[in-house]
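model-v2.pdb follows; it contains PDB, C-alpha atoms and all ligand atoms.
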ATOM      1  CA  MET A  25     124.337 -43.592  -0.397  1.00  0.00           C
ATOM      2  CA  SER A  26     123.793 -45.118   3.032  1.00  0.00           C
ATOM      3  CA  HIS A  27     124.977 -48.689   3.305  1.00  0.00           C
ATOM      4  CA  VAL A  28     124.321 -51.426   5.779  1.00  0.00           C
ATOM      5  CA  ILE A  29     127.582 -51.864   7.666  1.00  0.00           C
ATOM      6  CA  GLY A  30     126.737 -54.975   9.635  1.00  0.00           C
ATOM      7  CA  LEU A  31     124.232 -56.983  11.581  1.00  0.00           C
ATOM      8  CA  ALA A  32     123.290 -55.125  14.767  1.00  0.00           C
ATOM      9  CA  HIS A  33     121.270 -57.868  16.423  1.00  0.00           C
ATOM     10  CA  VAL A  34     118.651 -60.554  16.011  1.00  0.00           C
ATOM     11  CA  GLY A  35     115.382 -59.991  17.875  1.00  0.00           C
ATOM     12  CA  ILE A  36     113.637 -63.083  19.212  1.00  0.00           C
ATOM     13  CA  ALA A  37     110.070 -63.118  20.538  1.00  0.00           C
ATOM     14  CA  VAL A  38     109.818 -65.114  23.778  1.00  0.00           C
ATOM     15  CA  ARG A  39     107.047 -65.800  26.273  1.00  0.00           C
ATOM     16  CA  SER A  40     109.264 -65.415  29.333  1.00  0.00           C
ATOM     17  CA  LEU A  41     112.612 -63.675  29.751  1.00  0.00           C
ATOM     18  CA  GLU A  42     113.157 -65.485  33.053  1.00  0.00           C
ATOM     19  CA  GLU A  43     112.950 -68.844  31.283  1.00  0.00           C
ATOM     20  CA  SER A  44     114.710 -67.867  28.068  1.00  0.00           C
ATOM     21  CA  ILE A  45     117.764 -65.941  29.265  1.00  0.00           C
ATOM     22  CA  PRO A  46     119.391 -68.852  31.162  1.00  0.00           C
ATOM     23  CA  VAL A  47     119.004 -71.142  28.158  1.00  0.00           C
ATOM     24  CA  TRP A  48     121.073 -68.909  25.858  1.00  0.00           C
ATOM     25  CA  VAL A  49     123.548 -68.074  28.595  1.00  0.00           C
ATOM     26  CA  ARG A  50     124.124 -71.723  29.552  1.00  0.00           C
ATOM     27  CA  ALA A  51     124.137 -73.152  26.035  1.00  0.00           C
ATOM     28  CA  PHE A  52     126.336 -70.583  24.280  1.00  0.00           C
ATOM     29  CA  GLY A  53     127.918 -68.404  26.918  1.00  0.00           C
ATOM     30  CA  PHE A  54     126.005 -65.263  25.995  1.00  0.00           C
ATOM     31  CA  ARG A  55     126.353 -62.498  28.573  1.00  0.00           C
ATOM     32  CA  HIS A  56     123.125 -60.940  29.765  1.00  0.00           C
ATOM     33  CA  THR A  57     124.122 -57.284  29.686  1.00  0.00           C
ATOM     34  CA  ASP A  58     120.867 -55.462  30.406  1.00  0.00           C
ATOM     35  CA  THR A  59     117.083 -55.676  30.576  1.00  0.00           C
ATOM     36  CA  ILE A  60     114.913 -52.674  29.865  1.00  0.00           C
ATOM     37  CA  GLN A  61     111.207 -51.980  29.966  1.00  0.00           C
ATOM     38  CA  PHE A  62     109.865 -50.304  26.812  1.00  0.00           C
ATOM     39  CA  ASP A  63     106.462 -49.028  27.900  1.00  0.00           C
ATOM     40  CA  SER A  64     105.465 -47.475  24.580  1.00  0.00           C
ATOM     41  CA  MET A  65     105.810 -50.904  22.939  1.00  0.00           C
ATOM     42  CA  LYS A  66     104.480 -52.861  25.971  1.00  0.00           C
ATOM     43  CA  LEU A  67     107.684 -54.825  25.905  1.00  0.00           C
ATOM     44  CA  ARG A  68     110.611 -55.971  28.014  1.00  0.00           C
ATOM     45  CA  ILE A  69     113.903 -56.455  26.192  1.00  0.00           C
ATOM     46  CA  ALA A  70     116.859 -58.481  27.458  1.00  0.00           C
ATOM     47  CA  PHE A  71     120.179 -57.855  25.716  1.00  0.00           C
ATOM     48  CA  LEU A  72     122.530 -60.786  25.236  1.00  0.00           C
ATOM     49  CA  ARG A  73     126.027 -60.488  23.870  1.00  0.00           C
ATOM     50  CA  ALA A  74     128.736 -62.936  22.787  1.00  0.00           C
ATOM     51  CA  GLY A  75     131.761 -61.559  20.989  1.00  0.00           C
ATOM     52  CA  GLU A  76     130.448 -59.340  18.206  1.00  0.00           C
ATOM     53  CA  SER A  77     127.024 -60.957  18.270  1.00  0.00           C
ATOM     54  CA  GLU A  78     124.055 -59.405  19.984  1.00  0.00           C
ATOM     55  CA  MET A  79     120.540 -60.650  20.515  1.00  0.00           C
ATOM     56  CA  GLU A  80     117.427 -59.083  21.927  1.00  0.00           C
ATOM     57  CA  LEU A  81     114.938 -61.326  23.673  1.00  0.00           C
ATOM     58  CA  LEU A  82     111.535 -59.643  23.435  1.00  0.00           C
ATOM     59  CA  GLU A  83     108.858 -60.412  25.997  1.00  0.00           C
ATOM     60  CA  PRO A  84     105.503 -58.640  25.627  1.00  0.00           C
ATOM     61  CA  THR A  85     103.981 -57.202  28.784  1.00  0.00           C
ATOM     62  CA  ALA A  86     100.495 -57.184  27.194  1.00  0.00           C
ATOM     63  CA  ALA A  87      98.752 -59.426  24.681  1.00  0.00           C
ATOM     64  CA  ASP A  88      97.554 -56.425  22.643  1.00  0.00           C
ATOM     65  CA  SER A  89     101.055 -55.261  21.722  1.00  0.00           C
ATOM     66  CA  PRO A  90     103.048 -55.789  18.527  1.00  0.00           C
ATOM     67  CA  VAL A  91     105.120 -58.634  19.983  1.00  0.00           C
ATOM     68  CA  GLY A  92     102.118 -60.004  21.894  1.00  0.00           C
ATOM     69  CA  ARG A  93     100.207 -60.323  18.623  1.00  0.00           C
ATOM     70  CA  PHE A  94     103.266 -61.843  16.918  1.00  0.00           C
ATOM     71  CA  LEU A  95     103.475 -64.505  19.662  1.00  0.00           C
ATOM     72  CA  SER A  96      99.815 -65.446  19.486  1.00  0.00           C
ATOM     73  CA  LYS A  97      99.910 -65.672  15.686  1.00  0.00           C
ATOM     74  CA  ARG A  98     103.300 -67.306  15.112  1.00  0.00           C
ATOM     75  CA  GLY A  99     104.630 -68.464  18.455  1.00  0.00           C
ATOM     76  CA  GLU A 100     108.162 -67.884  19.711  1.00  0.00           C
ATOM     77  CA  GLY A 101     110.882 -67.330  17.144  1.00  0.00           C
ATOM     78  CA  ILE A 102     112.865 -64.806  15.162  1.00  0.00           C
ATOM     79  CA  HIS A 103     110.970 -61.511  15.202  1.00  0.00           C
ATOM     80  CA  HIS A 104     113.305 -59.128  13.360  1.00  0.00           C
ATOM     81  CA  LEU A 105     116.803 -58.586  12.040  1.00  0.00           C
ATOM     82  CA  SER A 106     118.517 -55.304  12.812  1.00  0.00           C
ATOM     83  CA  PHE A 107     121.221 -53.835  10.586  1.00  0.00           C
ATOM     84  CA  HIS A 108     123.565 -50.951  11.362  1.00  0.00           C
ATOM     85  CA  VAL A 109     123.465 -48.146   8.831  1.00  0.00           C
ATOM     86  CA  THR A 110     125.626 -45.055   8.590  1.00  0.00           C
ATOM     87  CA  ASP A 111     122.759 -42.594   7.984  1.00  0.00           C
ATOM     88  CA  LEU A 112     119.259 -43.663   8.947  1.00  0.00           C
ATOM     89  CA  GLU A 113     117.290 -40.825   7.290  1.00  0.00           C
ATOM     90  CA  GLU A 114     119.125 -41.423   4.033  1.00  0.00           C
ATOM     91  CA  ALA A 115     118.683 -45.197   4.333  1.00  0.00           C
ATOM     92  CA  LEU A 116     114.905 -44.748   4.740  1.00  0.00           C
ATOM     93  CA  GLU A 117     114.685 -42.491   1.684  1.00  0.00           C
ATOM     94  CA  GLU A 118     116.663 -44.978  -0.352  1.00  0.00           C
ATOM     95  CA  ALA A 119     114.603 -47.925   0.879  1.00  0.00           C
ATOM     96  CA  GLU A 120     111.416 -46.145  -0.120  1.00  0.00           C
ATOM     97  CA  ALA A 121     112.868 -45.181  -3.499  1.00  0.00           C
ATOM     98  CA  ALA A 122     113.725 -48.856  -3.987  1.00  0.00           C
ATOM     99  CA  GLY A 123     110.057 -49.713  -3.516  1.00  0.00           C
ATOM    100  CA  LEU A 124     110.215 -51.048   0.040  1.00  0.00           C
ATOM    101  CA  GLU A 125     107.290 -50.529   2.389  1.00  0.00           C
ATOM    102  CA  LEU A 126     108.263 -48.494   5.449  1.00  0.00           C
ATOM    103  CA  ILE A 127     106.683 -48.947   8.861  1.00  0.00           C
ATOM    104  CA  ASP A 128     108.471 -45.891  10.272  1.00  0.00           C
ATOM    105  CA  ARG A 129     108.702 -42.924   7.936  1.00  0.00           C
ATOM    106  CA  SER A 130     111.103 -41.220  10.311  1.00  0.00           C
ATOM    107  CA  PRO A 131     113.531 -42.525  12.951  1.00  0.00           C
ATOM    108  CA  ARG A 132     112.390 -43.298  16.466  1.00  0.00           C
ATOM    109  CA  GLU A 133     114.320 -43.566  19.705  1.00  0.00           C
ATOM    110  CA  GLY A 134     116.008 -46.952  20.171  1.00  0.00           C
ATOM    111  CA  SER A 135     117.750 -48.368  23.212  1.00  0.00           C
ATOM    112  CA  HIS A 136     121.388 -47.708  24.112  1.00  0.00           C
ATOM    113  CA  ARG A 137     121.742 -44.382  22.287  1.00  0.00           C
ATOM    114  CA  THR A 138     120.519 -45.532  18.912  1.00  0.00           C
ATOM    115  CA  LYS A 139     117.863 -44.388  16.530  1.00  0.00           C
ATOM    116  CA  ILE A 140     115.912 -47.047  14.718  1.00  0.00           C
ATOM    117  CA  ALA A 141     113.235 -47.537  12.060  1.00  0.00           C
ATOM    118  CA  PHE A 142     111.344 -50.601  10.897  1.00  0.00           C
ATOM    119  CA  LEU A 143     110.647 -51.793   7.354  1.00  0.00           C
ATOM    120  CA  SER A 144     107.661 -53.955   6.568  1.00  0.00           C
ATOM    121  CA  PRO A 145     108.166 -57.696   6.047  1.00  0.00           C
ATOM    122  CA  ARG A 146     105.749 -57.460   3.115  1.00  0.00           C
ATOM    123  CA  THR A 147     108.427 -56.240   0.727  1.00  0.00           C
ATOM    124  CA  LEU A 148     111.387 -58.039   2.381  1.00  0.00           C
ATOM    125  CA  ASN A 149     110.762 -61.749   1.935  1.00  0.00           C
ATOM    126  CA  GLY A 150     108.630 -61.928   5.049  1.00  0.00           C
ATOM    127  CA  VAL A 151     111.365 -60.567   7.315  1.00  0.00           C
ATOM    128  CA  LEU A 152     110.772 -57.600   9.611  1.00  0.00           C
ATOM    129  CA  VAL A 153     113.902 -55.463   9.281  1.00  0.00           C
ATOM    130  CA  GLU A 154     115.075 -52.797  11.705  1.00  0.00           C
ATOM    131  CA  LEU A 155     117.638 -50.229  10.613  1.00  0.00           C
ATOM    132  CA  CYS A 156     119.766 -48.883  13.438  1.00  0.00           C
ATOM    133  CA  GLN A 157     122.112 -45.918  13.643  1.00  0.00           C
ATOM    134  CA  ARG A 158     124.385 -45.348  16.618  1.00  0.00           C
ATOM    135  CA  ARG A 159     124.393 -41.835  17.986  1.00  0.00           C
ATOM    136  CA  GLU A 160     127.749 -40.169  18.384  1.00  0.00           C
ATOM    137  CA  PRO A 161     128.918 -40.559  22.005  1.00  0.00           C
TER     138      PRO A 161
HETATM  139 ZN    ZN B   1     115.848 -54.686  17.550  1.00  0.00          ZN
END

For the structure just supplied, provide its representation as structure tokens.
Ligand code: ZN
Amino acid sequence: MSHVIGLAHVGIAVRSLEESIPVWVRAFGFRHTDTIQFDSMKLRIAFLRAGESEMELLEPTAADSPVGRFLSKRGEGIHHLSFHVTDLEEALEEAEAAGLELIDRSPREGSHRTKIAFLSPRTLNGVLVELCQRREP
């Protein structure tokens, strides 16, 4: 049985990293630890950290991308929740057995030495959920 062992991060869709990062840093003291370009998803991701809490600010680099379409449909806001799991393959099998709709049938490469997979919001109260497993160092 693979359990969720904690919240990994909250992903927030934003129009501009340059405008958004300073707001969270100034208001709450988040540290901006990194920004990466994710070409396969047409996305730039800024990582913000405060204590145990982590956020990803997601800025699309093209309108015809998953986050670009999210922004034009729903505007800025919470895009996904990411939970740490101990065993991602097992967690996906169990999620499917529990009747959840998978977006990724097998893990894909995440940032910062993680593997990730997404579950559809359709069977999770409208929330896009990412499961995340840390790779051994
Ligand atoms: Zn994420």

Evaluate the PyMOL selection byres (((chain A and resi 54-69) around 12) and not hetatm) and record the selected residues as a ChimeraX atom specification, following the chain and residue labels used in the document.
/A:34-42,44-53,70-93,132-136

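The gap separating atom CA of Leu95 of chain A from atom CA of Gln157 of chain A is 27.0 Å, in Å to one decimal.
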
Which residues are near Glu117 of chain A? Cut-off 9 Å, only C-alpha atoms, ignore same chain within fewer than 5 positions. Put them as a PyMOL selection string.
chain A and resi 112+122+129

Which one is closest to ligand ZN 1 (chain B): A:Arg98, A:Arg158, A:His104, A:His27? Count only C-alpha atoms and all ligand atoms.
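Among A:Arg98, A:Arg158, A:His104, A:His27, it is A:His104 that comes nearest to ligand ZN 1 (chain B).
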
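Residues matched by the PyMOL selection byres (((chain A and resi 131) around 6) and not hetatm) in this file: A:Ser130, A:Arg132, A:Lys139, A:Ile140, A:Ala141.
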
Run the PyMOL selection byres (((chain A and resi 126) around 7) and not hetatm) on the file and write out the hits as number ranges by chain.
A: 120, 124-125, 127-129, 142-144

Kindly provide, as AutoDock Vina command-line options, the centre and edge lengths (Å, one decimal) of an axis-aligned box around all atoms of segment 123-139 of chain A given in the file, with 5 Å on each side.
--center_x 114.2 --center_y -46.1 --center_z 10.3 --size_x 25.1 --size_y 19.8 --size_z 37.6

Looking at A:Lys97, A:Glu154, A:Glu43, A:Gly30, which one is nearest to ligand ZN 1 (chain B), with distances taken over all atoms listed in the file?
A:Glu154

By how many Å are atom CA of Thr147 of chain A and atom CA of Gly123 of chain A apart?
8.0 Å

Rounded to one decimal in Å, what is the spacing between atom CA of Ala119 of chain A and atom ZN of ligand ZN 1 (chain B)?
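These atoms are spaced 18.0 Å apart.
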
Restricting the calculation to only C-alpha atoms and all ligand atoms: of A:Glu100, A:Thr110, A:Arg159, A:Ala32, which residue gets closest to ligand ZN 1 (chain B)?
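Looking at the shortest contact to ligand ZN 1 (chain B), the residue is A:Ala32.
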